[in-house]
Amino acid sequence: MNRTAALTQSHGALAGLPVETPCLLMNLDQIRAKYAEMESCFPLADIHYAVKANSEPLIVETLAGLGCRFDVASPAEVEICLAAGVPPEHLSYGNTIKKSADIAFAYGHGVRLFAFDCEPELNKLARHAPGSRVICRLSTTSHGSCWPLARKFGCGAALAEDLLAGCVERGLEPWGVSFH
């Protein structure tokens, strides 16, 4: 049985098949159902799937078919999405620390939405992704979270306000804020 067929089968249908371990099985029907649930909870939002969570092309293709958008963090993830038929305008380059070459690569492939959290990154975006929309990532606390990601990325609200105010003079379009 080929990989595509195995991934589209239910768990029960895979019982007894020779499967190397470790092995992760994904139920595409469950992915569709969870996406629909998320969409119903946030009907006005554009939902972005973080490709780094699982870059399996069938998952990306499935979500793309539902209208999902994607958060990418590398040129490889841009390529995975484009190969799955995702329009570049549905990609957000959410990694706040990017090589200039990676920005230019994404921009050259049509990506026009980028995240940043500091002035040097904003300046790189102005140089290598002119006219793009930009989102400033805010720092948050870990209070109440199951997985502490505070201090990983982001800047304070006052700095974010200053940086977003300076976007237009750099030829960028301030689009909003995000958090990790």
# chains A, B, ... in the order shown; residues from 1 in each chain; ligands from 1
>>> closest_atom_pairs(of="stretch 64-155 of chain A", to="stretch 12-35 of chain A", cutoff="12 Å", atoms="only C-alpha atoms", output="tab-separated table")
residue	atom	partner	partner_atom	distance
A:Ala64	CA	A:Arg32	CA	10.5
A:Gly65	CA	A:Arg32	CA	9.7
A:Leu66	CA	A:Arg32	CA	7.7
A:Gly67	CA	A:Tyr35	CA	9.8
A:Cys68	CA	A:Tyr35	CA	8.2
A:Arg69	CA	A:Tyr35	CA	11.2
>>> residues_around(residues="A:Ile97", least_positions_apart="2", cutoff="10 Å", atoms="only C-alpha atoms", output="PyMOL selection string")
chain A and resi 73+94-95+99-100+103+115-118+120-121+153
>>> write_last_selection(atoms="C-alpha atoms", output="PDB file, in the first residue's frame")
ATOM      1  CA  ALA A  73       8.641  29.815   8.892  1.00  0.00           C
ATOM      2  CA  GLY A  94       5.355  34.290  10.783  1.00  0.00           C
ATOM      3  CA  ASN A  95       8.928  33.664  11.854  1.00  0.00           C
ATOM      4  CA  LYS A  99      17.613  35.680   6.847  1.00  0.00           C
ATOM      5  CA  SER A 100      17.494  38.372   4.182  1.00  0.00           C
ATOM      6  CA  ILE A 103      12.652  37.068   2.939  1.00  0.00           C
ATOM      7  CA  ALA A 115       5.809  39.165  10.940  1.00  0.00           C
ATOM      8  CA  PHE A 116       8.481  41.123  12.809  1.00  0.00           C
ATOM      9  CA  ASP A 117       9.221  42.153  16.390  1.00  0.00           C
ATOM     10  CA  CYS A 118      12.169  44.551  16.188  1.00  0.00           C
ATOM     11  CA  PRO A 120      16.332  45.485  12.370  1.00  0.00           C
ATOM     12  CA  GLU A 121      13.812  42.895  11.145  1.00  0.00           C
ATOM     13  CA  PHE A 153       9.401  36.170  20.493  1.00  0.00           C
TER      14      PHE A 153
END
>>> residues_around(residues="A:Leu159", least_positions_apart="5", cutoff="10 Å", atoms="only C-alpha atoms", output="MDAnalysis selection string")
chainID A and resid 117:119 136 138 154 164:165
>>> select_by_dssp(residues="chain A", states="alpha helix (DSSP H)", output="short mmCIF file (atom, residue, chain, number, x, y, z; two decimals) with all heavy atoms, in the first residue's frame")
data_model
loop_
_atom_site.label_atom_id
_atom_site.label_comp_id
_atom_site.auth_asym_id
_atom_site.auth_seq_id
_atom_site.Cartn_x
_atom_site.Cartn_y
_atom_site.Cartn_z
N ARG A 3 1.97 5.28 0.48
CA ARG A 3 1.84 6.21 1.61
C ARG A 3 0.53 6.99 1.55
O ARG A 3 -0.13 7.18 2.57
CB ARG A 3 3.03 7.16 1.58
CG ARG A 3 3.09 8.09 2.73
CD ARG A 3 4.46 8.78 2.70
NE ARG A 3 4.60 9.61 3.84
CZ ARG A 3 4.74 10.92 3.79
NH1 ARG A 3 4.78 11.53 2.63
NH2 ARG A 3 4.88 11.63 4.87
N THR A 4 0.16 7.47 0.37
CA THR A 4 -1.06 8.25 0.23
C THR A 4 -2.28 7.40 0.61
O THR A 4 -3.14 7.85 1.36
CB THR A 4 -1.21 8.76 -1.21
OG1 THR A 4 -0.08 9.56 -1.52
CG2 THR A 4 -2.49 9.56 -1.38
N ALA A 5 -2.34 6.19 0.12
CA ALA A 5 -3.47 5.32 0.44
C ALA A 5 -3.51 5.02 1.94
O ALA A 5 -4.57 5.03 2.55
CB ALA A 5 -3.39 4.03 -0.36
N ALA A 6 -2.34 4.76 2.53
CA ALA A 6 -2.29 4.46 3.96
C ALA A 6 -2.77 5.64 4.79
O ALA A 6 -3.48 5.47 5.77
CB ALA A 6 -0.87 4.08 4.36
N LEU A 7 -2.40 6.85 4.40
CA LEU A 7 -2.79 8.02 5.17
C LEU A 7 -4.28 8.31 5.06
O LEU A 7 -4.85 8.95 5.93
CB LEU A 7 -2.00 9.24 4.71
CG LEU A 7 -0.56 9.28 5.20
CD1 LEU A 7 0.20 10.39 4.49
CD2 LEU A 7 -0.50 9.48 6.70
N THR A 8 -4.91 7.89 4.00
CA THR A 8 -6.33 8.18 3.83
C THR A 8 -7.23 7.10 4.40
O THR A 8 -8.43 7.26 4.46
CB THR A 8 -6.67 8.41 2.34
OG1 THR A 8 -6.32 7.25 1.60
CG2 THR A 8 -5.94 9.62 1.80
N HIS A 11 -7.97 4.20 10.90
CA HIS A 11 -7.03 3.47 11.76
C HIS A 11 -7.28 1.97 11.72
O HIS A 11 -6.37 1.18 11.62
CB HIS A 11 -7.12 4.00 13.19
CG HIS A 11 -6.13 3.37 14.11
ND1 HIS A 11 -6.33 2.13 14.66
CD2 HIS A 11 -4.93 3.79 14.55
CE1 HIS A 11 -5.29 1.81 15.41
NE2 HIS A 11 -4.43 2.81 15.37
N GLY A 12 -8.55 1.55 11.78
CA GLY A 12 -8.88 0.14 11.77
C GLY A 12 -8.43 -0.57 10.50
O GLY A 12 -8.00 -1.72 10.54
N ALA A 13 -8.52 0.10 9.37
CA ALA A 13 -8.12 -0.49 8.11
C ALA A 13 -6.62 -0.70 8.02
O ALA A 13 -6.14 -1.47 7.21
CB ALA A 13 -8.59 0.38 6.94
N LEU A 14 -5.86 -0.05 8.90
CA LEU A 14 -4.41 -0.19 8.88
C LEU A 14 -3.94 -1.33 9.77
O LEU A 14 -2.77 -1.71 9.71
CB LEU A 14 -3.75 1.12 9.33
CG LEU A 14 -3.93 2.29 8.38
CD1 LEU A 14 -3.36 3.56 8.99
CD2 LEU A 14 -3.27 2.02 7.04
N LEU A 28 -7.62 12.41 8.42
CA LEU A 28 -7.95 13.62 7.66
C LEU A 28 -9.39 14.07 7.92
O LEU A 28 -9.67 15.27 7.88
CB LEU A 28 -7.70 13.40 6.17
CG LEU A 28 -6.24 13.14 5.80
CD1 LEU A 28 -6.11 12.90 4.29
CD2 LEU A 28 -5.33 14.27 6.22
N ASP A 29 -10.30 13.13 8.20
CA ASP A 29 -11.67 13.53 8.54
C ASP A 29 -11.68 14.32 9.85
O ASP A 29 -12.43 15.29 9.98
CB ASP A 29 -12.58 12.31 8.67
CG ASP A 29 -12.88 11.67 7.31
OD1 ASP A 29 -12.81 12.39 6.29
OD2 ASP A 29 -13.17 10.46 7.29
N GLN A 30 -10.84 13.92 10.81
CA GLN A 30 -10.75 14.64 12.08
C GLN A 30 -10.14 16.03 11.86
O GLN A 30 -10.58 17.00 12.47
CB GLN A 30 -9.92 13.84 13.08
CG GLN A 30 -9.89 14.42 14.46
CD GLN A 30 -11.23 14.36 15.18
OE1 GLN A 30 -12.13 13.62 14.80
NE2 GLN A 30 -11.39 15.17 16.20
N ILE A 31 -9.17 16.12 10.98
CA ILE A 31 -8.57 17.42 10.66
C ILE A 31 -9.64 18.34 10.04
O ILE A 31 -9.75 19.50 10.42
CB ILE A 31 -7.36 17.25 9.72
CG1 ILE A 31 -6.21 16.59 10.50
CG2 ILE A 31 -6.93 18.58 9.10
CD1 ILE A 31 -5.05 16.16 9.64
N ARG A 32 -10.42 17.80 9.13
CA ARG A 32 -11.51 18.59 8.52
C ARG A 32 -12.51 19.05 9.58
O ARG A 32 -12.95 20.20 9.58
CB ARG A 32 -12.22 17.77 7.44
CG ARG A 32 -11.43 17.58 6.17
CD ARG A 32 -12.25 16.79 5.13
NE ARG A 32 -11.38 16.30 4.10
CZ ARG A 32 -10.86 15.06 4.06
NH1 ARG A 32 -11.16 14.17 4.99
NH2 ARG A 32 -10.05 14.71 3.08
N ALA A 33 -12.87 18.13 10.47
CA ALA A 33 -13.85 18.46 11.52
C ALA A 33 -13.31 19.53 12.47
O ALA A 33 -14.04 20.47 12.83
CB ALA A 33 -14.22 17.20 12.30
N LYS A 34 -12.06 19.44 12.86
CA LYS A 34 -11.48 20.42 13.77
C LYS A 34 -11.34 21.79 13.09
O LYS A 34 -11.54 22.83 13.72
CB LYS A 34 -10.12 19.95 14.31
CG LYS A 34 -10.23 18.83 15.30
CD LYS A 34 -11.01 19.28 16.52
CE LYS A 34 -11.14 18.23 17.57
NZ LYS A 34 -11.95 18.67 18.71
N TYR A 35 -11.02 21.78 11.81
CA TYR A 35 -10.96 23.05 11.08
C TYR A 35 -12.35 23.69 11.03
O TYR A 35 -12.49 24.89 11.28
CB TYR A 35 -10.40 22.85 9.67
CG TYR A 35 -10.33 24.16 8.92
CD1 TYR A 35 -9.26 25.02 9.13
CD2 TYR A 35 -11.33 24.54 8.04
CE1 TYR A 35 -9.21 26.25 8.47
CE2 TYR A 35 -11.27 25.76 7.37
CZ TYR A 35 -10.21 26.59 7.60
OH TYR A 35 -10.16 27.81 6.95
N ALA A 36 -13.37 22.89 10.74
CA ALA A 36 -14.74 23.41 10.70
C ALA A 36 -15.15 23.96 12.06
O ALA A 36 -15.81 25.01 12.15
CB ALA A 36 -15.72 22.32 10.25
N GLU A 37 -14.75 23.29 13.13
CA GLU A 37 -15.06 23.76 14.49
C GLU A 37 -14.37 25.10 14.75
O GLU A 37 -14.99 26.03 15.27
CB GLU A 37 -14.60 22.72 15.50
CG GLU A 37 -14.87 23.09 16.94
CD GLU A 37 -14.37 22.03 17.91
OE1 GLU A 37 -14.09 20.88 17.51
OE2 GLU A 37 -14.23 22.38 19.11
N MET A 38 -13.11 25.21 14.39
CA MET A 38 -12.37 26.46 14.58
C MET A 38 -13.01 27.58 13.76
O MET A 38 -13.20 28.68 14.26
CB MET A 38 -10.91 26.27 14.16
CG MET A 38 -10.06 27.52 14.30
SD MET A 38 -9.54 27.87 15.98
CE MET A 38 -8.26 26.65 16.18
N GLU A 39 -13.38 27.26 12.54
CA GLU A 39 -14.02 28.25 11.67
C GLU A 39 -15.35 28.73 12.25
O GLU A 39 -15.67 29.92 12.18
CB GLU A 39 -14.23 27.63 10.29
CG GLU A 39 -14.10 28.57 9.15
CD GLU A 39 -14.20 27.85 7.82
OE1 GLU A 39 -14.79 26.76 7.72
OE2 GLU A 39 -13.69 28.41 6.85
N SER A 40 -16.10 27.83 12.85
CA SER A 40 -17.39 28.22 13.42
C SER A 40 -17.20 29.09 14.66
O SER A 40 -18.05 29.93 14.97
CB SER A 40 -18.23 26.99 13.75
OG SER A 40 -17.71 26.30 14.86
N CYS A 41 -16.11 28.89 15.38
CA CYS A 41 -15.83 29.70 16.58
C CYS A 41 -15.31 31.10 16.22
O CYS A 41 -15.47 32.04 17.01
CB CYS A 41 -14.82 28.99 17.47
SG CYS A 41 -15.44 27.50 18.24
N PRO A 57 2.32 16.90 3.27
CA PRO A 57 1.59 17.50 2.15
C PRO A 57 0.09 17.20 2.13
O PRO A 57 -0.70 18.06 1.76
CB PRO A 57 2.30 16.95 0.91
CG PRO A 57 3.70 16.71 1.39
CD PRO A 57 3.55 16.24 2.82
N LEU A 58 -0.32 15.98 2.54
CA LEU A 58 -1.76 15.68 2.53
C LEU A 58 -2.53 16.54 3.53
O LEU A 58 -3.67 16.90 3.30
CB LEU A 58 -2.00 14.20 2.85
CG LEU A 58 -1.87 13.24 1.67
CD1 LEU A 58 -2.02 11.80 2.14
CD2 LEU A 58 -2.87 13.56 0.59
N ILE A 59 -1.90 16.86 4.65
CA ILE A 59 -2.54 17.74 5.63
C ILE A 59 -2.67 19.14 5.04
O ILE A 59 -3.73 19.77 5.11
CB ILE A 59 -1.77 17.76 6.96
CG1 ILE A 59 -1.86 16.39 7.63
CG2 ILE A 59 -2.29 18.86 7.88
CD1 ILE A 59 -1.00 16.24 8.86
N VAL A 60 -1.59 19.63 4.45
CA VAL A 60 -1.62 20.96 3.84
C VAL A 60 -2.65 21.01 2.72
O VAL A 60 -3.45 21.95 2.64
CB VAL A 60 -0.21 21.37 3.34
CG1 VAL A 60 -0.25 22.68 2.58
CG2 VAL A 60 0.77 21.45 4.51
N GLU A 61 -2.67 19.99 1.85
CA GLU A 61 -3.65 19.95 0.76
C GLU A 61 -5.08 19.91 1.29
O GLU A 61 -5.97 20.58 0.76
CB GLU A 61 -3.39 18.73 -0.12
CG GLU A 61 -2.13 18.81 -0.94
CD GLU A 61 -1.75 17.49 -1.59
OE1 GLU A 61 -2.58 16.55 -1.63
OE2 GLU A 61 -0.59 17.39 -2.05
N THR A 62 -5.31 19.11 2.33
CA THR A 62 -6.65 18.99 2.91
C THR A 62 -7.11 20.34 3.45
O THR A 62 -8.22 20.79 3.16
CB THR A 62 -6.65 17.93 4.04
OG1 THR A 62 -6.31 16.66 3.46
CG2 THR A 62 -8.00 17.86 4.72
N LEU A 63 -6.27 20.99 4.23
CA LEU A 63 -6.63 22.29 4.80
C LEU A 63 -6.77 23.35 3.71
O LEU A 63 -7.67 24.19 3.78
CB LEU A 63 -5.60 22.70 5.85
CG LEU A 63 -5.63 21.88 7.14
CD1 LEU A 63 -4.42 22.18 8.01
CD2 LEU A 63 -6.93 22.12 7.90
N ALA A 64 -5.91 23.31 2.72
CA ALA A 64 -6.02 24.28 1.62
C ALA A 64 -7.36 24.14 0.91
O ALA A 64 -7.98 25.15 0.54
CB ALA A 64 -4.86 24.09 0.63
N GLY A 65 -7.82 22.91 0.75
CA GLY A 65 -9.10 22.67 0.11
C GLY A 65 -10.28 23.23 0.90
O GLY A 65 -11.35 23.45 0.35
N PRO A 75 11.83 28.85 3.84
CA PRO A 75 11.60 28.64 2.41
C PRO A 75 11.04 27.25 2.09
O PRO A 75 10.19 27.12 1.22
CB PRO A 75 13.00 28.83 1.80
CG PRO A 75 13.67 29.77 2.74
CD PRO A 75 13.19 29.35 4.11
N ALA A 76 11.47 26.23 2.82
CA ALA A 76 10.96 24.88 2.59
C ALA A 76 9.46 24.82 2.82
O ALA A 76 8.72 24.17 2.06
CB ALA A 76 11.68 23.87 3.48
N GLU A 77 8.97 25.51 3.86
CA GLU A 77 7.53 25.51 4.13
C GLU A 77 6.77 26.30 3.08
O GLU A 77 5.64 25.93 2.72
CB GLU A 77 7.26 26.06 5.53
CG GLU A 77 7.75 25.11 6.62
CD GLU A 77 7.54 25.63 8.02
OE1 GLU A 77 6.87 26.66 8.21
OE2 GLU A 77 8.06 24.99 8.97
N VAL A 78 7.36 27.36 2.54
CA VAL A 78 6.74 28.08 1.43
C VAL A 78 6.58 27.12 0.25
O VAL A 78 5.50 27.03 -0.35
CB VAL A 78 7.60 29.31 1.01
CG1 VAL A 78 7.08 29.92 -0.29
CG2 VAL A 78 7.62 30.35 2.12
N GLU A 79 7.63 26.38 -0.06
CA GLU A 79 7.59 25.44 -1.18
C GLU A 79 6.54 24.35 -0.98
O GLU A 79 5.83 23.98 -1.92
CB GLU A 79 8.97 24.83 -1.41
CG GLU A 79 9.96 25.81 -1.97
CD GLU A 79 11.36 25.24 -2.13
OE1 GLU A 79 11.75 24.34 -1.34
OE2 GLU A 79 12.06 25.71 -3.05
N ILE A 80 6.43 23.82 0.24
CA ILE A 80 5.44 22.78 0.53
C ILE A 80 4.04 23.32 0.24
O ILE A 80 3.22 22.65 -0.40
CB ILE A 80 5.55 22.31 1.99
CG1 ILE A 80 6.82 21.47 2.18
CG2 ILE A 80 4.31 21.53 2.43
CD1 ILE A 80 7.19 21.22 3.63
N CYS A 81 3.76 24.52 0.71
CA CYS A 81 2.43 25.10 0.51
C CYS A 81 2.15 25.38 -0.96
O CYS A 81 1.07 25.05 -1.46
CB CYS A 81 2.29 26.38 1.33
SG CYS A 81 2.19 26.08 3.11
N LEU A 82 3.10 25.96 -1.65
CA LEU A 82 2.89 26.26 -3.07
C LEU A 82 2.70 24.98 -3.87
O LEU A 82 1.85 24.92 -4.76
CB LEU A 82 4.05 27.09 -3.62
CG LEU A 82 4.21 28.49 -3.00
CD1 LEU A 82 5.44 29.18 -3.56
CD2 LEU A 82 2.96 29.33 -3.21
N ALA A 83 3.47 23.93 -3.54
CA ALA A 83 3.33 22.64 -4.23
C ALA A 83 1.96 22.02 -3.97
O ALA A 83 1.44 21.27 -4.81
CB ALA A 83 4.43 21.68 -3.79
N SER A 100 17.89 37.52 5.31
CA SER A 100 17.49 38.37 4.18
C SER A 100 17.17 37.54 2.95
O SER A 100 16.19 37.81 2.24
CB SER A 100 18.61 39.38 3.87
OG SER A 100 18.77 40.27 4.93
N ALA A 101 17.97 36.50 2.70
CA ALA A 101 17.74 35.63 1.53
C ALA A 101 16.39 34.91 1.63
O ALA A 101 15.72 34.70 0.62
CB ALA A 101 18.87 34.62 1.40
N ASP A 102 15.97 34.55 2.86
CA ASP A 102 14.70 33.86 3.03
C ASP A 102 13.52 34.81 2.79
O ASP A 102 12.50 34.42 2.23
CB ASP A 102 14.60 33.24 4.42
CG ASP A 102 15.60 32.10 4.61
OD1 ASP A 102 16.23 31.67 3.62
OD2 ASP A 102 15.75 31.65 5.77
N ILE A 103 13.68 36.06 3.21
CA ILE A 103 12.65 37.07 2.94
C ILE A 103 12.53 37.26 1.43
O ILE A 103 11.42 37.25 0.88
CB ILE A 103 12.99 38.41 3.62
CG1 ILE A 103 12.97 38.25 5.14
CG2 ILE A 103 12.02 39.50 3.17
CD1 ILE A 103 13.57 39.44 5.89
N ALA A 104 13.66 37.42 0.76
CA ALA A 104 13.66 37.63 -0.69
C ALA A 104 13.07 36.42 -1.41
O ALA A 104 12.32 36.57 -2.38
CB ALA A 104 15.08 37.91 -1.19
N PHE A 105 13.37 35.21 -0.93
CA PHE A 105 12.81 34.00 -1.52
C PHE A 105 11.28 34.02 -1.43
O PHE A 105 10.58 33.81 -2.42
CB PHE A 105 13.36 32.75 -0.83
CG PHE A 105 12.76 31.48 -1.31
CD1 PHE A 105 13.31 30.80 -2.39
CD2 PHE A 105 11.63 30.94 -0.70
CE1 PHE A 105 12.74 29.62 -2.86
CE2 PHE A 105 11.05 29.77 -1.16
CZ PHE A 105 11.61 29.11 -2.25
N ALA A 106 10.77 34.24 -0.22
CA ALA A 106 9.32 34.24 -0.02
C ALA A 106 8.66 35.34 -0.86
O ALA A 106 7.65 35.10 -1.52
CB ALA A 106 8.99 34.41 1.46
N TYR A 107 9.24 36.51 -0.83
CA TYR A 107 8.70 37.64 -1.59
C TYR A 107 8.71 37.31 -3.09
O TYR A 107 7.74 37.58 -3.80
CB TYR A 107 9.52 38.90 -1.30
CG TYR A 107 8.99 40.14 -1.96
CD1 TYR A 107 7.93 40.84 -1.40
CD2 TYR A 107 9.54 40.61 -3.14
CE1 TYR A 107 7.43 41.99 -1.99
CE2 TYR A 107 9.05 41.76 -3.75
CZ TYR A 107 8.00 42.45 -3.18
OH TYR A 107 7.51 43.58 -3.77
N GLY A 108 9.79 36.71 -3.56
CA GLY A 108 9.90 36.32 -4.96
C GLY A 108 8.87 35.29 -5.39
O GLY A 108 8.57 35.16 -6.57
N GLU A 119 13.18 46.49 15.20
CA GLU A 119 13.50 47.42 14.10
C GLU A 119 14.43 46.81 13.05
O GLU A 119 14.20 47.01 11.84
CB GLU A 119 14.08 48.72 14.65
CG GLU A 119 14.24 49.77 13.58
CD GLU A 119 14.53 51.15 14.15
OE1 GLU A 119 14.81 51.27 15.35
OE2 GLU A 119 14.46 52.11 13.36
N PRO A 120 15.49 46.08 13.42
CA PRO A 120 16.33 45.48 12.37
C PRO A 120 15.55 44.55 11.43
O PRO A 120 15.78 44.54 10.23
CB PRO A 120 17.40 44.72 13.16
CG PRO A 120 17.48 45.44 14.47
CD PRO A 120 16.07 45.87 14.75
N GLU A 121 14.61 43.79 11.99
CA GLU A 121 13.81 42.89 11.15
C GLU A 121 12.89 43.70 10.24
O GLU A 121 12.69 43.37 9.06
CB GLU A 121 13.01 41.94 12.03
CG GLU A 121 12.43 40.77 11.28
CD GLU A 121 13.47 39.78 10.77
OE1 GLU A 121 14.60 39.72 11.29
OE2 GLU A 121 13.16 39.05 9.83
N LEU A 122 12.32 44.77 10.77
CA LEU A 122 11.46 45.64 9.97
C LEU A 122 12.25 46.25 8.82
O LEU A 122 11.77 46.31 7.68
CB LEU A 122 10.86 46.73 10.86
CG LEU A 122 9.83 47.65 10.23
CD1 LEU A 122 8.64 46.87 9.71
CD2 LEU A 122 9.39 48.69 11.25
N ASN A 123 13.49 46.64 9.08
CA ASN A 123 14.34 47.21 8.03
C ASN A 123 14.67 46.18 6.95
O ASN A 123 14.70 46.50 5.76
CB ASN A 123 15.60 47.81 8.63
CG ASN A 123 15.31 49.05 9.44
OD1 ASN A 123 14.32 49.76 9.19
ND2 ASN A 123 16.14 49.33 10.43
N LYS A 124 14.90 44.92 7.37
CA LYS A 124 15.15 43.86 6.38
C LYS A 124 13.92 43.66 5.50
O LYS A 124 14.05 43.47 4.29
CB LYS A 124 15.49 42.54 7.08
CG LYS A 124 16.91 42.44 7.56
CD LYS A 124 17.29 41.02 7.92
CE LYS A 124 16.59 40.55 9.17
NZ LYS A 124 17.05 39.21 9.61
N LEU A 125 12.74 43.70 6.10
CA LEU A 125 11.51 43.55 5.32
C LEU A 125 11.36 44.69 4.33
O LEU A 125 10.96 44.47 3.18
CB LEU A 125 10.29 43.46 6.25
CG LEU A 125 10.20 42.18 7.08
CD1 LEU A 125 9.12 42.31 8.14
CD2 LEU A 125 9.95 40.97 6.19
N ALA A 126 11.68 45.90 4.74
CA ALA A 126 11.57 47.05 3.84
C ALA A 126 12.51 46.87 2.64
O ALA A 126 12.14 47.21 1.51
CB ALA A 126 11.90 48.33 4.59
N ARG A 127 13.69 46.33 2.88
CA ARG A 127 14.66 46.13 1.79
C ARG A 127 14.30 44.97 0.86
O ARG A 127 14.47 45.07 -0.35
CB ARG A 127 16.06 45.87 2.37
CG ARG A 127 16.80 47.12 2.79
CD ARG A 127 18.28 46.86 3.05
NE ARG A 127 18.54 45.79 4.00
CZ ARG A 127 18.50 45.92 5.33
NH1 ARG A 127 18.20 47.07 5.88
NH2 ARG A 127 18.77 44.89 6.11
N HIS A 128 13.81 43.86 1.44
CA HIS A 128 13.66 42.63 0.66
C HIS A 128 12.22 42.24 0.35
O HIS A 128 12.00 41.29 -0.41
CB HIS A 128 14.37 41.48 1.37
CG HIS A 128 15.82 41.75 1.60
ND1 HIS A 128 16.75 41.77 0.58
CD2 HIS A 128 16.49 42.07 2.73
CE1 HIS A 128 17.94 42.07 1.07
NE2 HIS A 128 17.81 42.26 2.38
N ALA A 157 4.14 46.42 23.97
CA ALA A 157 3.10 47.17 23.25
C ALA A 157 3.59 48.55 22.81
O ALA A 157 3.30 48.99 21.70
CB ALA A 157 1.85 47.29 24.11
N ALA A 158 4.34 49.24 23.65
CA ALA A 158 4.82 50.59 23.30
C ALA A 158 5.77 50.53 22.11
O ALA A 158 5.67 51.34 21.18
CB ALA A 158 5.49 51.25 24.50
N LEU A 159 6.69 49.56 22.12
CA LEU A 159 7.61 49.42 20.99
C LEU A 159 6.85 49.02 19.73
O LEU A 159 7.13 49.54 18.64
CB LEU A 159 8.71 48.41 21.30
CG LEU A 159 9.72 48.15 20.17
CD1 LEU A 159 10.41 49.44 19.72
CD2 LEU A 159 10.75 47.11 20.61
N ALA A 160 5.88 48.12 19.87
CA ALA A 160 5.07 47.71 18.72
C ALA A 160 4.38 48.91 18.09
O ALA A 160 4.35 49.05 16.86
CB ALA A 160 4.05 46.66 19.14
N GLU A 161 3.85 49.78 18.93
CA GLU A 161 3.17 50.97 18.42
C GLU A 161 4.14 51.85 17.64
O GLU A 161 3.82 52.30 16.53
CB GLU A 161 2.57 51.76 19.59
CG GLU A 161 1.76 52.96 19.16
CD GLU A 161 1.12 53.69 20.33
OE1 GLU A 161 1.16 53.19 21.47
OE2 GLU A 161 0.59 54.78 20.09
N ASP A 162 5.34 52.05 18.17
CA ASP A 162 6.35 52.85 17.47
C ASP A 162 6.77 52.20 16.16
O ASP A 162 6.90 52.89 15.13
CB ASP A 162 7.58 53.06 18.36
CG ASP A 162 7.32 53.97 19.54
OD1 ASP A 162 6.30 54.71 19.53
OD2 ASP A 162 8.13 53.95 20.49
N LEU A 163 7.00 50.90 16.19
CA LEU A 163 7.44 50.20 14.98
C LEU A 163 6.36 50.22 13.90
O LEU A 163 6.65 50.48 12.73
CB LEU A 163 7.83 48.76 15.31
CG LEU A 163 9.09 48.59 16.16
CD1 LEU A 163 9.24 47.12 16.60
CD2 LEU A 163 10.32 49.05 15.41
N LEU A 164 5.11 49.97 14.29
CA LEU A 164 4.02 50.00 13.31
C LEU A 164 3.83 51.40 12.73
O LEU A 164 3.54 51.55 11.54
CB LEU A 164 2.73 49.48 13.94
CG LEU A 164 2.69 47.97 14.15
CD1 LEU A 164 1.55 47.58 15.09
CD2 LEU A 164 2.59 47.22 12.83
N ALA A 165 4.05 52.41 13.57
CA ALA A 165 3.93 53.79 13.08
C ALA A 165 5.00 54.10 12.04
O ALA A 165 4.78 54.94 11.16
CB ALA A 165 4.01 54.77 14.25
#
>>> atom_distance(atom1="atom CA of A:Pro88", atom2="atom CA of A:Val168")
22.6 Å
>>> select_by_dssp(residues="stretch 29-175 of chain A", states="strand (DSSP E or B)", output="list in words")
His48, Tyr49, Ala50, Arg69, Phe70, Asp71, Val72, Leu91, Ser92, Tyr93, Leu113, Phe114, Ala115, Phe116, Arg133, Val134, Ile135, Cys136, Arg137, Leu138, Cys155, Glu173, Pro174 and Trp175 of chain A
>>> decode(residues="stretch 67-90 of chain A", atoms="C-alpha atoms", output="PDB file, in the first residue's frame")
ATOM      1  CA  GLY A  67      -9.839  27.589   2.486  1.00  0.00           C
ATOM      2  CA  CYS A  68      -7.295  27.570   5.288  1.00  0.00           C
ATOM      3  CA  ARG A  69      -4.372  29.955   5.240  1.00  0.00           C
ATOM      4  CA  PHE A  70      -0.888  29.013   6.382  1.00  0.00           C
ATOM      5  CA  ASP A  71       1.837  30.321   8.679  1.00  0.00           C
ATOM      6  CA  VAL A  72       5.243  29.455   7.255  1.00  0.00           C
ATOM      7  CA  ALA A  73       8.641  29.815   8.892  1.00  0.00           C
ATOM      8  CA  SER A  74      11.114  28.810   6.169  1.00  0.00           C
ATOM      9  CA  PRO A  75      11.605  28.643   2.407  1.00  0.00           C
ATOM     10  CA  ALA A  76      10.959  24.877   2.587  1.00  0.00           C
ATOM     11  CA  GLU A  77       7.534  25.514   4.134  1.00  0.00           C
ATOM     12  CA  VAL A  78       6.744  28.082   1.430  1.00  0.00           C
ATOM     13  CA  GLU A  79       7.588  25.441  -1.182  1.00  0.00           C
ATOM     14  CA  ILE A  80       5.437  22.783   0.530  1.00  0.00           C
ATOM     15  CA  CYS A  81       2.433  25.104   0.507  1.00  0.00           C
ATOM     16  CA  LEU A  82       2.890  26.260  -3.067  1.00  0.00           C
ATOM     17  CA  ALA A  83       3.331  22.642  -4.233  1.00  0.00           C
ATOM     18  CA  ALA A  84       0.025  21.828  -2.483  1.00  0.00           C
ATOM     19  CA  GLY A  85      -1.710  24.529  -4.522  1.00  0.00           C
ATOM     20  CA  VAL A  86      -1.904  27.161  -1.802  1.00  0.00           C
ATOM     21  CA  PRO A  87      -1.987  30.656  -3.336  1.00  0.00           C
ATOM     22  CA  PRO A  88       0.932  32.771  -2.073  1.00  0.00           C
ATOM     23  CA  GLU A  89      -1.531  35.385  -0.797  1.00  0.00           C
ATOM     24  CA  HIS A  90      -2.694  32.744   1.707  1.00  0.00           C
TER      25      HIS A  90
END
